[in-house]
Every structure is written in C-alpha cells, then in structure tokens.
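Dropping upload.txt in here (compact mmCIF, C-alpha atoms):
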```txt
# COMPACT_ATOMS: atom_id res chain seq x y z
CA MET X 1 -8.69 -0.07 58.11
CA ALA X 2 -5.60 -2.17 58.71
CA GLY X 3 -3.68 -3.32 55.64
CA HIS X 4 -5.12 -0.63 53.37
CA GLN X 5 -3.25 2.36 52.04
CA LYS X 6 -4.83 5.74 52.56
CA PRO X 7 -7.09 6.43 49.56
CA GLN X 8 -6.48 9.31 47.20
CA THR X 9 -8.14 12.50 48.41
CA LEU X 10 -10.73 13.27 45.76
CA ARG X 11 -11.10 16.86 44.62
CA ILE X 12 -12.71 18.69 41.74
CA GLY X 13 -10.92 17.42 38.64
CA SER X 14 -9.80 14.11 40.16
CA VAL X 15 -10.28 11.01 38.05
CA ALA X 16 -13.46 9.16 39.06
CA GLN X 17 -12.20 5.68 39.85
CA ASP X 18 -13.63 2.85 37.76
CA PHE X 19 -15.02 -0.19 39.58
CA GLU X 20 -17.00 -3.39 39.15
CA ALA X 21 -19.72 -4.37 41.61
CA ASP X 22 -22.98 -6.24 42.02
CA SER X 23 -26.13 -4.15 41.84
CA THR X 24 -29.89 -4.33 41.47
CA GLU X 25 -29.25 -4.20 37.70
CA GLY X 26 -26.78 -7.11 37.82
CA ARG X 27 -23.02 -6.79 37.85
CA ILE X 28 -21.89 -3.47 36.41
CA ARG X 29 -18.65 -1.78 35.49
CA PHE X 30 -18.99 1.92 36.26
CA TYR X 31 -17.31 3.26 33.10
CA ASP X 32 -19.18 0.84 30.84
CA TYR X 33 -22.51 1.68 32.43
CA ILE X 34 -22.23 5.47 32.03
CA GLY X 35 -20.47 5.31 28.65
CA ASP X 36 -19.99 8.80 27.20
CA ASP X 37 -22.64 10.37 29.42
CA TRP X 38 -22.51 12.36 32.63
CA ALA X 39 -23.24 10.59 35.90
CA LEU X 40 -24.54 11.33 39.37
CA LEU X 41 -22.69 8.92 41.69
CA PHE X 42 -24.34 8.80 45.13
CA PHE X 43 -22.92 7.31 48.30
CA ILE X 44 -25.63 6.89 50.93
CA PRO X 45 -25.12 5.65 54.50
CA ASP X 46 -27.27 2.52 54.39
CA ASP X 47 -30.40 0.81 53.06
CA PHE X 48 -33.69 1.37 54.91
CA THR X 49 -32.61 4.79 56.18
CA PRO X 50 -35.29 7.49 56.11
CA VAL X 51 -33.47 10.42 54.50
CA ALA X 52 -31.95 8.29 51.73
CA THR X 53 -35.38 6.82 51.02
CA THR X 54 -36.80 10.30 50.36
CA GLU X 55 -33.82 11.15 48.13
CA LEU X 56 -34.20 8.06 45.97
CA VAL X 57 -37.95 8.63 45.59
CA ILE X 58 -37.31 12.14 44.26
CA PHE X 59 -34.36 11.21 42.06
CA ALA X 60 -36.43 8.36 40.60
CA TYR X 61 -39.17 10.91 39.86
CA LEU X 62 -36.66 13.15 38.04
CA GLN X 63 -34.89 10.44 36.03
CA LYS X 64 -36.41 11.65 32.77
CA GLU X 65 -35.32 15.26 33.38
CA PHE X 66 -31.74 14.19 34.02
CA ALA X 67 -31.71 11.62 31.18
CA GLU X 68 -32.63 14.42 28.75
CA ARG X 69 -29.36 16.03 29.85
CA ASN X 70 -27.39 12.82 29.23
CA VAL X 71 -27.07 11.96 32.91
CA LYS X 72 -27.17 8.48 34.44
CA PHE X 73 -27.54 7.63 38.14
CA VAL X 74 -25.48 5.13 40.16
CA VAL X 75 -26.19 4.71 43.89
CA VAL X 76 -23.79 3.00 46.31
CA SER X 77 -25.03 1.73 49.69
CA THR X 78 -23.35 -0.27 52.43
CA GLN X 79 -26.46 -2.50 52.54
CA ASN X 80 -26.16 -2.63 56.30
CA ARG X 81 -29.33 -4.38 57.54
CA PRO X 82 -28.51 -7.96 58.65
CA SER X 83 -30.67 -10.82 57.37
CA SER X 84 -31.71 -13.97 59.25
CA ASP X 85 -29.22 -16.10 57.30
CA GLY X 86 -26.24 -14.09 58.54
CA GLY X 87 -25.94 -12.00 55.38
CA HIS X 88 -27.66 -8.74 54.48
CA VAL X 89 -31.17 -7.91 53.32
CA PRO X 90 -30.93 -7.38 49.53
CA HIS X 91 -31.30 -3.91 48.06
CA SER X 92 -34.35 -5.14 46.15
CA GLU X 93 -36.32 -5.25 49.41
CA TRP X 94 -35.57 -1.58 50.08
CA LEU X 95 -36.49 -0.68 46.52
CA LYS X 96 -39.96 -2.09 47.17
CA ASP X 97 -40.43 0.63 49.82
CA ILE X 98 -39.18 3.33 47.45
CA ASN X 99 -41.40 2.14 44.61
CA GLU X 100 -44.39 2.07 46.97
CA ILE X 101 -43.82 5.66 48.16
CA TYR X 102 -43.34 6.84 44.57
CA PRO X 103 -46.30 8.86 43.21
CA ASN X 104 -48.89 6.46 41.78
CA PRO X 105 -46.83 3.53 43.13
CA ASP X 106 -44.77 1.92 40.40
CA PRO X 107 -42.92 -1.40 40.91
CA HIS X 108 -40.32 -0.24 38.40
CA ALA X 109 -39.93 3.39 39.51
CA VAL X 110 -36.19 3.04 40.22
CA ARG X 111 -34.49 2.45 36.89
CA PHE X 112 -30.89 2.89 37.98
CA PRO X 113 -28.48 0.50 39.74
CA LEU X 114 -28.19 0.36 43.51
CA VAL X 115 -24.67 -0.96 44.04
CA THR X 116 -23.66 -3.30 46.86
CA ASP X 117 -20.80 -2.16 49.11
CA VAL X 118 -21.08 -4.46 52.14
CA ASP X 119 -17.31 -4.51 52.77
CA GLY X 120 -16.92 -0.76 52.26
CA LYS X 121 -14.29 -1.04 49.51
CA LEU X 122 -16.04 1.45 47.24
CA SER X 123 -16.72 3.84 50.11
CA TYR X 124 -13.03 3.65 50.93
CA LEU X 125 -12.02 4.03 47.27
CA TYR X 126 -14.03 7.23 46.99
CA ASP X 127 -12.78 8.55 50.35
CA ILE X 128 -16.17 9.22 51.90
CA LEU X 129 -15.56 7.59 55.29
CA ASP X 130 -15.06 9.96 58.21
CA MET X 131 -12.34 9.51 60.84
CA LYS X 132 -14.57 7.54 63.21
CA ASP X 133 -15.46 5.10 60.44
CA VAL X 134 -11.83 4.46 59.57
CA GLN X 135 -11.02 3.75 63.21
CA ASN X 136 -14.13 1.72 64.00
CA LEU X 137 -15.76 0.06 61.00
CA ASN X 138 -18.21 -1.87 63.20
CA ALA X 139 -19.62 1.13 65.04
CA ASN X 140 -23.37 1.02 65.70
CA ASP X 141 -25.60 3.02 63.42
CA ASP X 142 -28.89 4.51 64.59
CA VAL X 143 -30.84 2.18 62.29
CA THR X 144 -28.79 -1.00 61.99
CA THR X 145 -25.47 -2.45 63.08
CA GLY X 146 -22.29 -2.83 61.08
CA LYS X 147 -20.48 -0.47 58.76
CA ALA X 148 -22.55 2.58 57.90
CA PHE X 149 -20.81 5.90 57.36
CA LYS X 150 -22.32 9.06 58.79
CA SER X 151 -22.57 11.28 55.73
CA ARG X 152 -24.00 11.27 52.22
CA THR X 153 -21.92 12.32 49.21
CA LEU X 154 -22.88 12.99 45.61
CA PHE X 155 -20.33 13.31 42.82
CA ILE X 156 -21.20 14.86 39.47
CA VAL X 157 -18.96 12.93 37.09
CA GLY X 158 -18.15 14.42 33.70
CA PRO X 159 -18.07 12.47 30.42
CA LEU X 160 -14.97 10.78 29.04
CA TRP X 161 -11.94 12.99 28.51
CA GLU X 162 -8.61 11.37 27.64
CA SER X 163 -10.29 7.97 28.22
CA LYS X 164 -11.23 8.82 31.81
CA HIS X 165 -14.19 10.26 33.68
CA HIS X 166 -13.51 13.15 36.05
CA ILE X 167 -15.20 14.53 39.14
CA ARG X 168 -16.67 17.92 38.28
CA MET X 169 -18.64 18.80 41.41
CA ILE X 170 -19.05 17.33 44.92
CA PHE X 171 -21.96 17.63 47.36
CA ASN X 172 -21.22 16.37 50.87
CA TYR X 173 -24.02 16.40 53.45
CA PRO X 174 -24.26 15.05 56.99
CA ALA X 175 -26.42 11.95 57.40
CA ALA X 176 -29.24 13.97 58.96
CA VAL X 177 -29.66 16.34 55.98
CA GLY X 178 -31.03 15.33 52.57
CA PHE X 179 -29.69 16.63 49.28
CA ASN X 180 -31.05 19.85 47.79
CA ILE X 181 -31.98 18.31 44.46
CA PRO X 182 -32.85 21.56 42.60
CA GLU X 183 -29.29 22.72 43.42
CA VAL X 184 -27.87 19.49 41.98
CA PHE X 185 -29.95 20.16 38.85
CA ARG X 186 -28.73 23.77 38.70
CA GLY X 187 -25.10 22.79 39.29
CA LEU X 188 -25.19 20.22 36.51
CA GLY X 189 -26.70 22.78 34.14
CA ALA X 190 -24.01 25.31 35.01
CA LEU X 191 -21.28 22.77 34.28
CA GLN X 192 -22.79 21.79 30.95
CA VAL X 193 -23.25 25.40 29.85
CA SER X 194 -19.72 26.31 30.94
CA ASP X 195 -18.28 23.43 28.92
CA ALA X 196 -20.37 24.01 25.83
CA ALA X 197 -20.05 27.80 25.60
CA CYS X 198 -16.62 28.40 27.18
CA VAL X 199 -18.05 30.70 29.86
CA ARG X 200 -18.33 30.85 33.63
CA THR X 201 -21.54 31.15 35.64
CA PRO X 202 -21.92 33.80 38.37
CA ALA X 203 -23.43 33.33 41.81
CA ASN X 204 -27.09 32.24 41.77
CA TRP X 205 -26.98 31.59 38.02
CA VAL X 206 -29.87 29.70 36.45
CA PRO X 207 -30.59 29.27 32.71
CA GLY X 208 -31.44 32.58 31.12
CA GLY X 209 -29.24 34.57 33.49
CA ASP X 210 -26.11 36.39 32.36
CA VAL X 211 -22.88 34.41 32.20
CA VAL X 212 -19.30 35.57 32.70
CA VAL X 213 -16.74 35.84 29.91
CA PRO X 214 -13.45 34.21 31.06
CA PRO X 215 -10.99 36.95 32.09
CA LEU X 216 -8.18 35.68 29.85
CA MET X 217 -10.32 35.54 26.70
CA PRO X 218 -9.20 38.39 24.38
CA GLU X 219 -11.81 41.02 23.64
CA ALA X 220 -11.77 40.28 19.92
CA GLU X 221 -12.41 36.56 20.51
CA ALA X 222 -15.15 37.35 23.05
CA MET X 223 -16.88 39.69 20.59
CA GLN X 224 -16.66 37.06 17.85
CA ARG X 225 -18.11 34.36 20.15
CA PHE X 226 -20.81 36.33 21.93
CA GLY X 227 -21.32 39.67 20.20
CA ASN X 228 -23.10 41.27 23.17
CA ILE X 229 -20.72 41.97 26.07
CA LYS X 230 -21.21 44.28 29.01
CA THR X 231 -18.26 45.28 31.17
CA VAL X 232 -19.07 45.91 34.83
CA ILE X 233 -16.66 48.08 36.88
CA ASN X 234 -13.46 46.30 35.82
CA PRO X 235 -12.32 44.62 32.57
CA TYR X 236 -12.06 41.23 34.27
CA LEU X 237 -15.81 41.20 34.96
CA ARG X 238 -17.54 40.92 31.59
CA PHE X 239 -21.07 39.57 31.17
CA THR X 240 -22.94 38.20 28.19
CA ASN X 241 -26.23 36.39 27.75
CA LEU X 242 -26.81 33.02 26.12
CA GLN X 243 -30.11 32.17 24.50
CA ILE X 244 -31.16 29.13 26.55
CA ASP X 245 -34.69 27.83 26.27
CA PRO X 246 -36.66 27.78 29.55
CA VAL X 247 -37.24 24.41 31.21
CA THR X 248 -40.31 23.32 33.16
CA PHE X 249 -40.32 20.16 35.27
CA LYS X 250 -42.00 18.72 38.34
CA ASP X 251 -40.10 18.40 41.60
CA LEU X 252 -41.25 16.60 44.77
CA SER X 253 -41.25 17.47 48.46
CA PHE X 254 -42.73 15.90 51.59
CA ARG X 255 -45.33 18.07 53.34
CA GLN X 256 -47.83 17.27 56.09
CA GLY X 257 -47.68 13.54 55.49
CA ALA X 258 -48.10 13.84 51.71
CA LEU X 259 -45.78 13.81 48.74
CA VAL X 260 -46.29 17.06 46.83
CA ALA X 261 -45.33 17.70 43.20
CA ASN X 262 -44.69 21.31 42.22
CA GLU X 263 -44.13 22.50 38.67
CA ILE X 264 -40.75 24.28 38.57
CA TYR X 265 -39.98 26.91 35.94
CA VAL X 266 -36.30 27.47 35.15
CA GLY X 267 -35.57 30.32 32.75
CA ASP X 268 -35.10 34.06 32.35
CA GLY X 269 -32.51 33.88 35.12
CA LYS X 270 -35.08 32.57 37.63
CA MET X 271 -36.09 29.30 39.24
CA LYS X 272 -39.61 29.47 40.62
CA VAL X 273 -42.67 27.37 41.40
CA LYS X 274 -45.25 27.60 38.64
CA GLY X 275 -48.77 26.21 38.72
CA ASP X 276 -50.74 24.34 41.37
CA SER X 277 -49.31 21.61 43.57
CA GLU X 278 -50.37 18.00 43.19
CA ALA X 279 -50.43 15.88 46.35
CA PHE X 280 -49.97 12.13 46.65
CA ASN X 281 -50.63 10.14 49.82
CA VAL X 282 -47.63 8.55 51.51
CA GLY X 283 -48.42 5.34 53.38
CA THR X 284 -51.36 5.06 55.75
CA ALA X 285 -49.99 6.53 58.99
```

Take the structure in the file and write it out as structure tokens.
Amino acid sequence: MAGHQKPQTLRIGSVAQDFEADSTEGRIRFYDYIGDDWALLFFIPDDFTPVATTELVIFAYLQKEFAERNVKFVVVSTQNRPSSDGGHVPHSEWLKDINEIYPNPDPHAVRFPLVTDVDGKLSYLYDILDMKDVQNLNANDDVTTGKAFKSRTLFIVGPLWESKHHIRMIFNYPAAVGFNIPEVFRGLGALQVSDAACVRTPANWVPGGDVVVPPLMPEAEAMQRFGNIKTVINPYLRFTNLQIDPVTFKDLSFRQGALVANEIYVGDGKMKVKGDSEAFNVGTA
C-alpha cells in the first residue's frame, strides 16, 4: 500500500483504535457506539461470502446473550461485490439474506452495525491484511473481485480504561474456517471473571470450574478474598471456586440442510448440550 506507513502490530493489551465510518446503522464513531461496554469487533473478508453469512446469522441469534454481558457487536466488511453503477452493492442487500436465513425469518434480526470498508483503511488500521493483500490490493477473490482479505479476525475489546478501549483477546481464522462461537462466549466470560474477581482461569475453564489464585497474591490476602483455597503440588498453583450461577442459552449450527438450535448448559465447570434440538429450514434447495 504505497504512501502508507506500516500499521501498529496489534497485540493483547494494545489500544483498540477509534474510527468513524458509515454503516447499516448510519455513521458511527466506534468509541461512542460501544460506550462503557465490551465489544466484539469482527473483520470479515467480504459481503455475500458463505462462511461470514453463517457467522452473522448465529451472532444475530445470540445478541441477547451477549448484551446481558454488556457486549456490543461491530462488524467490518470490505463490501466487495461490484454494483451496476460502478460502486458496490450495499450491505443492506446482504443483510436481507442473513435475516431470511435467521430462524423464523426476521427482517430486523441483525441489530448491530455492519461497517463499510471499501478502501480498506480500517482493515489496514487494525493490521488484518496478509502479505499478499498488502502487495496486491486488487487480487481476485473466489467470490468477487477487488480488495478482499483472506482471513477473518475477531477482537474482544475491553471497556474504557484511562479513556481508551483495549484489545483483550484476538481470534484469527483463515477465510475457509468459521468462528467457534461457544469459545468466543467462553473467552469473554473468562475475561470478565478474571477482571471482576482478580483471578486467572485454567485450561478448559467454564463457569463453575475452579479458578487460579494469582501467584503473587499473598496468602493472607487470598484467604481474605476467597476463604477456600487448595494448593496443588506447588505454592504457585492455588485453586479456589467462585459461586457463579449456571447459564443456559440456545446456540445454532447448520446440519443436513437445516439450521439447528441446541440448548447449551454452562455451569458446574461444564459446557454441554441440554434438551432436544429444534430445527429450522434453510432456503428451499
């Protein structure tokens, strides 16, 4: 990208850059839109792409679950499909497809902004272009032509701290592989519990499982905070348990031409499918 400086390499803890852009919800400023809440900031390769369509259907379905955890969604797309007037097909046309696939089709299923990034400035700002994209911004995509990067990236952005939002977790998938949304849900929960209780979460943690007492926390402070501590093998590995209420929600998956909703139980240190599946038809093919 001639004339542009190399963007900052974003890592865990980097400041999430503020921006203004047009979207399906009008013109938004990122910081103003998310306010004091958490945010899931998605960068997807292009409109009218199959994997991204499935992701947005499922995230739309789970908006309420995330909103209850003070999380807002912002999706950025290169809006790559050319229109007959020499511009690009508006995001609103793609949203019609997503709303139609949504269980019990709802014309207002997507209640979060889909941000326009035709020139790639936001994709460049957030450093999600691969080397080929930087060298050849007009490379052909398998669906459309024009600039469409070959990966999908999701940033979990934490609430304001010192007047800035920060990147707390990053998921980066190749274009051919859709996000594991239960893992996004779990990762967000782990971050929020870690912040609120001053603990760390071990491998495979889900609500109800034991958490780790930070190694540098003095024993007296740990006992005052948690009361019930178990030391395993070495003093640096101390566990305690937090009383977190179980959560039950419905998640979606695509199976045998249908959209299937499964009730997911998260609690007691487990995440499991609970109850019967409910199937919704997808299209007419």

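One finds CA of Ser194 in chain X at 14.3 Å from CA of Ala222 in chain X.
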
Quick one: of X:Ala190, X:Val184, X:Ile229, X:Ile244, who's nearest to Gly208 in chain X, counting all atoms listed in the file?
X:Ile244

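The closest residue to Arg81 in chain X, picked from X:Cys198, X:Val118, X:Leu237, X:Ala67 and counting only C-alpha atoms, is X:Val118.
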
Residues of range 67-86 of chain X within 12 Å of range 9-25 of chain X: nearest atom pair and distance (Å, one decimal) for each, counting all atoms listed in the file, sorted by chain and number, as a Markdown table?
```
| residue | atom | partner | partner_atom | distance |
| --- | --- | --- | --- | --- |
| X:Phe73 | CA | X:Glu25 | CA | 12.0 |
| X:Val74 | CA | X:Ser23 | CA | 9.5 |
| X:Val75 | CA | X:Ser23 | CA | 9.1 |
| X:Val76 | CA | X:Ser23 | CA | 8.8 |
| X:Ser77 | CA | X:Ser23 | CA | 9.9 |
| X:Thr78 | CA | X:Ser23 | CA | 11.6 |
| X:Gln79 | CA | X:Ser23 | CA | 10.8 |
```

Which residues are near Asn262 in chain X? Cut-off 7 Å, only C-alpha atoms, ignore same chain within fewer than 6 positions. Put them as a PDB file with C-alpha atoms, in the frame of the given file.
```pdb
ATOM      1  CA  LYS X 250     -42.000  18.720  38.340  1.00  0.00           C
ATOM      2  CA  ASP X 251     -40.100  18.400  41.600  1.00  0.00           C
ATOM      3  CA  LEU X 252     -41.250  16.600  44.770  1.00  0.00           C
ATOM      4  CA  VAL X 273     -42.670  27.370  41.400  1.00  0.00           C
ATOM      5  CA  ASP X 276     -50.740  24.340  41.370  1.00  0.00           C
ATOM      6  CA  SER X 277     -49.310  21.610  43.570  1.00  0.00           C
ATOM      7  CA  GLU X 278     -50.370  18.000  43.190  1.00  0.00           C
TER       8      GLU X 278
END
```

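If you count only C-alpha atoms and draw a sphere of 8 Å around (-21.5, 37.7, 27.2), the protein and nucleic acid residues inside it come out as X:Asp210, X:Val211, X:Val212, X:Val213, X:Ala222, X:Phe226, X:Gly227, X:Asn228, X:Ile229, X:Lys230, X:Arg238, X:Phe239, X:Thr240, X:Asn241, X:Leu242.
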
Report as a Markdown table: every residue of range 35-118 of chain X with an atom at most 9 Å from range 163-179 of chain X, its closest pair of atoms, and their distance in Å to one decimal, counting only C-alpha atoms, with rows sorted by chain and ascending residue number.
```
| residue | atom | partner | partner_atom | distance |
| --- | --- | --- | --- | --- |
| X:Asp36 | CA | X:His165 | CA | 8.8 |
| X:Trp38 | CA | X:His165 | CA | 8.6 |
| X:Ile44 | CA | X:Ala175 | CA | 8.3 |
| X:Pro45 | CA | X:Ala175 | CA | 7.1 |
| X:Val51 | CA | X:Gly178 | CA | 5.8 |
| X:Ala52 | CA | X:Gly178 | CA | 7.1 |
| X:Thr54 | CA | X:Gly178 | CA | 8.0 |
| X:Glu55 | CA | X:Gly178 | CA | 6.7 |
```

What separation in Å, quoted to one decimal, exists between CA of Tyr124 in chain X and CA of Leu154 in chain X?
14.6 Å

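Take CA of Val260 in chain X and CA of Ile58 in chain X: the distance between them is 10.6 Å.
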
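In this comparison, which uses only C-alpha atoms, the residue of X:Arg152, X:Ala197, X:Asn180, X:Arg27 approaching Arg225 in chain X most closely is X:Ala197.
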
So which residues fall inside 8 Å of (-36.2, 20.6, 36.5) if we count all atoms listed in the file? Mind giving them as a PyMOL selection string?
chain X and resi 62+65+182+185+247-251+264-266

Pick the closest to Lys270 in chain X from X:Arg200, X:Arg29, X:Arg255, X:Arg186: which is it, counting only C-alpha atoms?
X:Arg186
